[in-house]
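One file, structure-v7.txt, carrying compact mmCIF, C-alpha atoms and all ligand atoms:
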# COMPACT_ATOMS: atom_id res chain seq x y z
CA MET A 15 -12.52 -9.83 1.18
CA GLU A 16 -10.19 -12.34 2.72
CA VAL A 17 -9.12 -11.46 6.26
CA ILE A 18 -5.89 -13.15 7.37
CA ILE A 19 -4.94 -12.69 11.02
CA ASN A 20 -1.29 -13.34 11.86
CA SER A 21 0.55 -13.70 15.14
CA ASP A 22 2.65 -10.61 14.47
CA ALA A 23 3.61 -8.07 11.85
CA ARG A 24 6.66 -10.00 10.67
CA VAL A 25 4.69 -13.17 9.97
CA ALA A 26 2.07 -11.03 8.20
CA SER A 27 4.72 -9.25 6.13
CA GLU A 28 6.37 -12.52 5.10
CA ARG A 29 2.97 -13.80 4.01
CA ALA A 30 2.39 -10.67 1.93
CA ALA A 31 5.90 -11.02 0.45
CA ARG A 32 5.08 -14.56 -0.67
CA VAL A 33 2.07 -13.25 -2.60
CA VAL A 34 4.21 -10.59 -4.30
CA ALA A 35 7.00 -13.10 -5.03
CA ARG A 36 4.62 -15.61 -6.53
CA LEU A 37 3.21 -12.96 -8.88
CA VAL A 38 6.67 -11.76 -9.93
CA ARG A 39 7.79 -15.35 -10.62
CA GLU A 40 4.67 -16.14 -12.63
CA LYS A 41 4.59 -12.78 -14.43
CA PRO A 42 8.11 -11.29 -14.56
CA ASP A 43 6.79 -8.06 -16.12
CA ALA A 44 4.15 -7.58 -13.41
CA VAL A 45 2.96 -4.09 -12.51
CA LEU A 46 3.12 -3.44 -8.77
CA GLY A 47 1.34 -0.65 -6.93
CA LEU A 48 3.45 0.32 -3.92
CA ALA A 49 2.92 2.15 -0.67
CA THR A 50 5.08 4.06 1.79
CA GLY A 51 4.77 4.57 5.56
CA SER A 52 5.88 2.27 8.35
CA THR A 53 3.52 -0.59 7.50
CA PRO A 54 5.18 -2.04 4.36
CA LEU A 55 8.75 -1.82 5.68
CA MET A 56 9.01 -5.46 6.75
CA LEU A 57 7.39 -6.55 3.48
CA TYR A 58 10.10 -4.69 1.56
CA GLU A 59 12.79 -6.21 3.82
CA GLU A 60 11.51 -9.67 3.03
CA LEU A 61 11.37 -8.98 -0.71
CA ILE A 62 14.97 -7.70 -0.53
CA ARG A 63 15.93 -10.95 1.20
CA LEU A 64 14.13 -13.02 -1.46
CA HIS A 65 15.99 -11.06 -4.14
CA ALA A 66 19.38 -11.54 -2.45
CA GLN A 67 18.99 -15.14 -1.35
CA GLU A 68 16.55 -16.67 -3.81
CA GLY A 69 17.16 -14.58 -6.90
CA LEU A 70 13.72 -12.98 -7.03
CA ASP A 71 14.07 -10.93 -10.21
CA PHE A 72 12.55 -7.44 -10.43
CA SER A 73 14.33 -6.45 -13.65
CA ARG A 74 11.15 -6.43 -15.75
CA VAL A 75 8.75 -5.26 -13.03
CA THR A 76 7.06 -1.87 -13.31
CA SER A 77 5.99 0.02 -10.20
CA PHE A 78 3.58 2.85 -9.48
CA ASN A 79 3.58 4.45 -6.07
CA LEU A 80 0.37 5.63 -4.50
CA ASP A 81 1.31 9.12 -3.43
CA GLU A 82 3.81 11.89 -2.78
CA TYR A 83 3.86 15.12 -0.79
CA VAL A 84 3.36 18.32 -2.78
CA GLY A 85 6.33 20.67 -2.41
CA LEU A 86 9.02 18.10 -1.62
CA ASP A 87 11.70 17.55 -4.22
CA SER A 88 12.15 13.92 -5.23
CA ASP A 89 15.56 13.76 -3.51
CA HIS A 90 14.33 15.49 -0.35
CA LYS A 91 15.05 13.20 2.61
CA TRP A 92 11.39 13.19 3.60
CA SER A 93 9.93 12.63 0.14
CA TYR A 94 8.31 9.32 -0.64
CA ASN A 95 10.59 9.09 -3.65
CA HIS A 96 13.59 9.12 -1.32
CA PHE A 97 11.84 6.66 1.01
CA MET A 98 11.25 4.14 -1.77
CA TRP A 99 14.82 4.25 -3.08
CA ASP A 100 16.29 4.16 0.41
CA LYS A 101 14.13 1.33 1.76
CA PHE A 102 13.54 -0.81 -1.29
CA PHE A 103 14.48 0.06 -4.86
CA SER A 104 18.21 0.58 -4.29
CA ARG A 105 18.40 -2.92 -2.82
CA ILE A 106 16.69 -4.88 -5.61
CA ASN A 107 17.33 -4.99 -9.35
CA ILE A 108 14.36 -2.93 -10.54
CA ASN A 109 15.03 -0.89 -13.68
CA PRO A 110 14.86 2.81 -12.64
CA ASP A 111 13.07 3.54 -15.94
CA ASN A 112 10.20 1.34 -14.74
CA VAL A 113 9.74 3.15 -11.42
CA ASN A 114 6.89 5.65 -11.22
CA ILE A 115 6.33 7.87 -8.18
CA PRO A 116 4.22 11.03 -8.31
CA ASP A 117 6.33 14.19 -8.61
CA GLY A 118 5.44 16.61 -5.82
CA MET A 119 7.11 19.56 -7.55
CA VAL A 120 5.11 19.77 -10.78
CA THR A 121 3.40 23.05 -11.56
CA ASP A 122 0.43 21.80 -13.59
CA ILE A 123 -0.83 19.21 -11.13
CA PRO A 124 -4.10 18.26 -12.93
CA ALA A 125 -2.27 17.63 -16.24
CA TYR A 126 0.42 15.66 -14.41
CA CYS A 127 -2.19 13.52 -12.62
CA ASP A 128 -3.96 12.78 -15.91
CA ALA A 129 -0.62 11.68 -17.37
CA TYR A 130 0.03 9.43 -14.34
CA GLU A 131 -3.33 7.75 -14.93
CA ARG A 132 -2.47 7.28 -18.61
CA GLN A 133 0.88 5.72 -17.71
CA ILE A 134 -0.83 3.22 -15.42
CA ALA A 135 -3.28 2.33 -18.19
CA GLN A 136 -0.50 2.06 -20.82
CA SER A 137 1.45 -0.29 -18.56
CA GLY A 138 -1.52 -2.68 -18.66
CA GLY A 139 -2.85 -1.68 -15.23
CA VAL A 140 -1.73 -2.59 -11.73
CA ASP A 141 -1.62 -6.34 -11.11
CA LEU A 142 -1.11 -6.12 -7.36
CA GLN A 143 -1.55 -3.07 -5.14
CA ILE A 144 0.01 -2.89 -1.67
CA LEU A 145 -1.94 -0.68 0.74
CA GLY A 146 -1.55 0.50 4.30
CA ILE A 147 -4.46 2.15 6.04
CA GLY A 148 -4.67 5.38 7.99
CA ALA A 149 -6.13 5.40 11.50
CA ASP A 150 -8.95 7.39 9.87
CA GLY A 151 -9.52 4.68 7.25
CA HIS A 152 -7.69 6.40 4.39
CA ILE A 153 -6.01 4.43 1.60
CA GLY A 154 -3.30 6.20 -0.35
CA PHE A 155 -3.99 9.72 0.87
CA ASN A 156 -7.69 9.46 0.10
CA GLU A 157 -9.03 10.95 3.29
CA PRO A 158 -12.59 10.41 4.62
CA THR A 159 -15.28 11.63 2.19
CA SER A 160 -13.01 11.16 -0.84
CA SER A 161 -15.13 10.07 -3.78
CA PHE A 162 -15.09 6.37 -4.50
CA ALA A 163 -14.80 7.38 -8.17
CA SER A 164 -11.76 9.61 -7.60
CA ARG A 165 -8.67 9.43 -9.80
CA THR A 166 -5.10 10.62 -9.22
CA ARG A 167 -5.29 14.21 -7.96
CA ILE A 168 -4.19 16.69 -5.32
CA LYS A 169 -5.62 16.20 -1.83
CA THR A 170 -5.35 18.02 1.49
CA LEU A 171 -4.33 15.87 4.46
CA THR A 172 -6.52 15.82 7.55
CA ARG A 173 -5.10 17.18 10.79
CA ARG A 174 -5.02 13.64 12.13
CA THR A 175 -2.92 12.41 9.22
CA VAL A 176 -0.57 15.37 9.61
CA ALA A 177 -0.18 14.44 13.29
CA ASP A 178 0.23 10.71 12.51
CA ASN A 179 2.92 11.42 9.91
CA ALA A 180 4.89 13.90 12.02
CA CYS A 181 7.04 10.94 13.13
CA PHE A 182 8.60 11.00 9.65
CA PHE A 183 9.32 14.76 9.98
CA ASP A 184 11.42 14.93 13.15
CA ASP A 185 8.17 14.90 15.16
CA ASP A 186 7.42 18.43 13.97
CA GLU A 187 3.83 18.71 12.73
CA ALA A 188 4.48 22.24 11.51
CA ILE A 189 6.71 21.01 8.68
CA VAL A 190 4.52 18.15 7.46
CA PRO A 191 3.25 19.17 4.01
CA ARG A 192 -0.51 19.78 3.91
CA HIS A 193 -1.01 18.62 0.35
CA CYS A 194 -0.22 15.51 -1.59
CA ILE A 195 -0.76 13.88 -4.95
CA THR A 196 -2.49 10.54 -4.53
CA MET A 197 -3.93 7.86 -6.75
CA GLY A 198 -7.70 8.00 -6.40
CA ILE A 199 -9.96 5.38 -4.92
CA GLY A 200 -11.26 4.63 -8.43
CA THR A 201 -7.65 4.14 -9.55
CA ILE A 202 -6.85 1.80 -6.66
CA MET A 203 -10.02 -0.23 -7.21
CA GLU A 204 -8.90 -1.09 -10.76
CA SER A 205 -5.93 -3.08 -9.43
CA ARG A 206 -6.42 -6.78 -10.09
CA THR A 207 -5.39 -7.82 -6.59
CA ILE A 208 -5.13 -5.74 -3.44
CA LEU A 209 -3.14 -6.54 -0.30
CA LEU A 210 -3.99 -4.23 2.57
CA LEU A 211 -1.66 -4.55 5.56
CA ALA A 212 -2.46 -3.16 9.01
CA PHE A 213 -0.53 -3.58 12.23
CA GLY A 214 -1.01 -2.28 15.75
CA GLU A 215 -3.94 -1.37 17.93
CA ASN A 216 -4.27 2.15 16.57
CA LYS A 217 -5.50 0.55 13.32
CA ALA A 218 -8.07 -1.72 15.01
CA ASP A 219 -11.02 0.68 14.72
CA ALA A 220 -10.27 1.50 11.08
CA ILE A 221 -9.99 -2.22 10.26
CA ALA A 222 -13.26 -3.08 11.98
CA ALA A 223 -15.02 -0.29 10.09
CA THR A 224 -13.38 -1.34 6.81
CA VAL A 225 -14.22 -5.02 7.04
CA GLU A 226 -17.48 -5.11 8.99
CA GLY A 227 -18.93 -1.61 8.77
CA PRO A 228 -21.08 -0.16 6.02
CA VAL A 229 -19.39 0.88 2.79
CA ALA A 230 -19.14 4.61 3.30
CA ALA A 231 -16.99 7.48 2.08
CA MET A 232 -16.27 8.29 5.74
CA VAL A 233 -14.15 5.10 5.75
CA PRO A 234 -12.42 5.10 2.35
CA ALA A 235 -10.97 1.59 2.78
CA SER A 236 -14.50 0.16 3.20
CA ILE A 237 -14.85 0.30 -0.60
CA LEU A 238 -12.58 -2.76 -0.67
CA GLN A 239 -15.70 -4.76 0.26
CA HIS A 240 -16.58 -4.25 -3.41
CA HIS A 241 -13.24 -5.51 -4.73
CA ALA A 242 -13.21 -9.08 -6.05
CA ASP A 243 -9.71 -9.93 -4.80
CA ALA A 244 -8.76 -7.97 -1.69
CA LYS A 245 -6.75 -9.58 1.10
CA ILE A 246 -6.63 -7.85 4.49
CA ILE A 247 -3.45 -9.00 6.23
CA LEU A 248 -3.38 -8.16 9.93
CA ASP A 249 -1.48 -8.73 13.13
CA GLU A 250 -3.35 -9.66 16.30
CA SER A 251 -3.71 -6.10 17.57
CA ALA A 252 -5.10 -4.68 14.34
CA SER A 253 -7.71 -7.47 14.35
CA ALA A 254 -8.76 -6.83 17.96
CA ARG A 255 -12.13 -5.18 17.18
CA LEU A 256 -13.33 -7.57 14.50
CA GLN A 257 -16.57 -9.25 15.56
CA LEU A 258 -15.96 -12.24 13.31
CA ALA A 259 -12.25 -12.71 14.03
CA ALA A 260 -12.79 -16.35 15.06
CA TYR A 261 -14.60 -16.99 11.78
CA TYR A 262 -11.79 -15.48 9.66
CA ARG A 263 -9.27 -17.71 11.44
CA TRP A 264 -11.48 -20.75 10.92
CA VAL A 265 -11.88 -19.99 7.22
CA TYR A 266 -8.13 -19.61 6.77
CA GLU A 267 -7.24 -22.73 8.72
CA GLY A 268 -9.77 -24.73 6.69
CA LYS A 269 -8.41 -23.70 3.31
CA PRO A 270 -7.09 -26.57 1.23
CA GLU A 271 -3.34 -26.33 0.70
CA TRP A 272 -3.68 -25.48 -3.00
CA GLN A 273 -5.71 -22.41 -2.04
CA GLN A 274 -3.22 -21.17 0.52
CA ASP A 275 -1.55 -18.67 -1.72
CA ALA A 276 -0.91 -16.30 1.16
P1 LIG B 301 1.60 3.88 8.31
O1 LIG B 301 0.64 4.73 7.39
O2 LIG B 301 1.99 2.69 7.51
O3 LIG B 301 2.78 4.78 8.58
O4 LIG B 301 0.84 3.52 9.54
C1 LIG B 301 -0.37 4.06 6.68
C2 LIG B 301 -1.20 5.05 5.89
O5 LIG B 301 -1.32 6.21 6.33
O6 LIG B 301 -1.75 4.67 4.86
Kindly present the structure from the file in structure tokens form.
Amino acid sequence: MEVIINSDARVASERAARVVARLVREKPDAVLGLATGSTPLMLYEELIRLHAQEGLDFSRVTSFNLDEYVGLDSDHKWSYNHFMWDKFFSRININPDNVNIPDGMVTDIPAYCDAYERQIAQSGGVDLQILGIGADGHIGFNEPTSSFASRTRIKTLTRRTVADNACFFDDDEAIVPRHCITMGIGTIMESRTILLLAFGENKADAIAATVEGPVAAMVPASILQHHADAKIILDESASARLQLAAYYRWVYEGKPEWQQDA
């Protein structure tokens, strides 16, 4: 794991955008795994800027989103499908045929999830996966005690996640869907590179447990300790409970320039 502590969320997001941009320039048909929520918004803004001002070309990129709420139509204003088009896809030149977001309205969910897994495999697998993290340590919607071997499937949100996500539903917990389709932890772990972003003090405990705690299903993101290329990109507040924060800064500052790919 590489822990990179930044002065604020914008600097962190620009750093993450540089990693994405470098991949897309080197591999124009890259497969990106994408996330929703408030955390990646500034990353998407920066990628939109790089597209508009520096010609970053997404025309051959394929994307797979992590998750979607069950029961929300893809054009529902609170669906993750709507979120992705509104915040990102409509403002870059991605080919809509290459965009994959779980469909929360399917009737045969297990068959649909198997097909989603097959599509990821047929695309060559995810080159770079963007992750946020829940205050409870979830990645995607893999809540605590999710199996590390899990694949794309239906999950039930915890009460805490329902409460945390109410801000996207007019602050009304009662209308937050209880179920979602999410890539599994096993699915996420097959990505070649992972960028996990976390900002704000309400993520500090989850980040400390993820980076420095034992690998445990109670903290799903802790499995990233077993990933060969996972970068944890933080702002100051999200790093506040890391025991070795000074060490991570020292490591980063001491990297030779050719290694500073983020
Ligand atoms: P957030 O959600 O980006 O809205 O904080 C992250 C997550 O739940 O994974």
Calculated over all atoms listed in the file, which of the candidates A:Val34, A:Ala254, A:Ala242, A:Ile237 has the smallest distance to A:Ser161?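 The closest residue to A:Ser161 is A:Ile237.
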As a quick test: using all atoms listed in the file, which residues lie no more than 7 Å away from ligand LIG 301 (chain B)? Give them as a list in words.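 Counting only what the definition allows, namely all atoms listed in the file, the set is Thr50, Gly51, Ser52, Thr53, Pro54, Leu145, Gly146, Ile147, Gly148, His152, Ile153, Gly154, Phe155 and Asn179 of chain A.
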Write out as a VMD selection string which residues come within 7 Å of stretch 180-190 of chain A when counting only C-alpha atoms, dropping same-chain ones fewer than 3 positions away. chain A and resid 92 176 to 177
For A:Phe78, which of A:Arg174, A:His240, A:Arg36, A:Arg132 is the closest residue, counting all atoms listed in the file? A:Arg132
Between A:Ile208, A:Leu61, A:Val84, A:Ala259, which is the closest to A:Lys245 once you count all atoms listed in the file?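 Once distances to A:Lys245 are computed over all atoms listed in the file, the minimum belongs to A:Ile208.
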Find the residues around stretch 165-167 of chain A up to 7 Å (only C-alpha atoms counted), leave out those fewer than 6 positions away in its own chain, and share them as a PyMOL selection string. chain A and resi 124+127+131+195-201
Considering all atoms listed in the file, state which residue in the set A:Glu40, A:Asp117, A:Asp178, A:Glu215 is at the smallest distance from A:Leu248.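 Ranking A:Glu40, A:Asp117, A:Asp178, A:Glu215 by distance to A:Leu248, first place goes to A:Glu215.
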Report, in Å with one decimal, the straight-line distance from atom CA of A:Ile247 to atom CA of A:Gly47.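 Separation of atom CA of A:Ile247 and atom CA of A:Gly47: 16.3 Å.
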Within 12 Å of (-16.4, 8.5, 5.4), in the coordinates the file gives, what residues turn up when you count only C-alpha atoms, written out as a JSON list (two decimals) with C-alpha atoms, in the coordinates of the input?
[["chain", "number", "residue", "atom", "x", "y", "z"],
["A", 150, "ASP", "CA", -8.95, 7.39, 9.87],
["A", 151, "GLY", "CA", -9.52, 4.68, 7.25],
["A", 152, "HIS", "CA", -7.69, 6.40, 4.39],
["A", 153, "ILE", "CA", -6.01, 4.43, 1.60],
["A", 156, "ASN", "CA", -7.69, 9.46, 0.10],
["A", 157, "GLU", "CA", -9.03, 10.95, 3.29],
["A", 158, "PRO", "CA", -12.59, 10.41, 4.62],
["A", 159, "THR", "CA", -15.28, 11.63, 2.19],
["A", 160, "SER", "CA", -13.01, 11.16, -0.84],
["A", 161, "SER", "CA", -15.13, 10.07, -3.78],
["A", 162, "PHE", "CA", -15.09, 6.37, -4.50],
["A", 220, "ALA", "CA", -10.27, 1.50, 11.08],
["A", 223, "ALA", "CA", -15.02, -0.29, 10.09],
["A", 224, "THR", "CA", -13.38, -1.34, 6.81],
["A", 227, "GLY", "CA", -18.93, -1.61, 8.77],
["A", 228, "PRO", "CA", -21.08, -0.16, 6.02],
["A", 229, "VAL", "CA", -19.39, 0.88, 2.79],
["A", 230, "ALA", "CA", -19.14, 4.61, 3.30],
["A", 231, "ALA", "CA", -16.99, 7.48, 2.08],
["A", 232, "MET", "CA", -16.27, 8.29, 5.74],
["A", 233, "VAL", "CA", -14.15, 5.10, 5.75],
["A", 234, "PRO", "CA", -12.42, 5.10, 2.35],
["A", 235, "ALA", "CA", -10.97, 1.59, 2.78],
["A", 236, "SER", "CA", -14.50, 0.16, 3.20],
["A", 237, "ILE", "CA", -14.85, 0.30, -0.60]]
Let me make sure I understand: among A:Ile221, A:Leu57, A:Tyr130, A:Asp81, which one has the smallest atom-to-atom distance to A:His193 if we use only C-alpha atoms?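 The closest residue to A:His193 is A:Asp81.
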Given all atoms listed in the file as the basis, pick out the residue of A:Ser251, A:Arg192, A:Ala149, A:Tyr262 nearest to A:Glu226.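 Checking each candidate against A:Glu226, we get A:Tyr262 as the closest.
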How big is the axis-aligned box, and where does its centre sit, when it encloses all atoms of stretch 194-211 of chain A listed in the file and has 8 Å added on every side, reported in Å to one decimal as JSON?
{"center_x": -5.7, "center_y": 3.8, "center_z": -2.6, "size_x": 27.0, "size_y": 39.3, "size_z": 32.3}
Between atom CA of A:Leu70 and atom CA of A:Asn107, what distance in Å does the model show, to one decimal?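 We find that atom CA of A:Leu70 and atom CA of A:Asn107 lie 9.1 Å from each other.
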Scan for residues within 10 Å of the point (12.4, 2.6, -14.7) in the coordinates of the file, using only C-alpha atoms, and reply as an MDAnalysis selection string. chainID A and resid 73:77 108:114
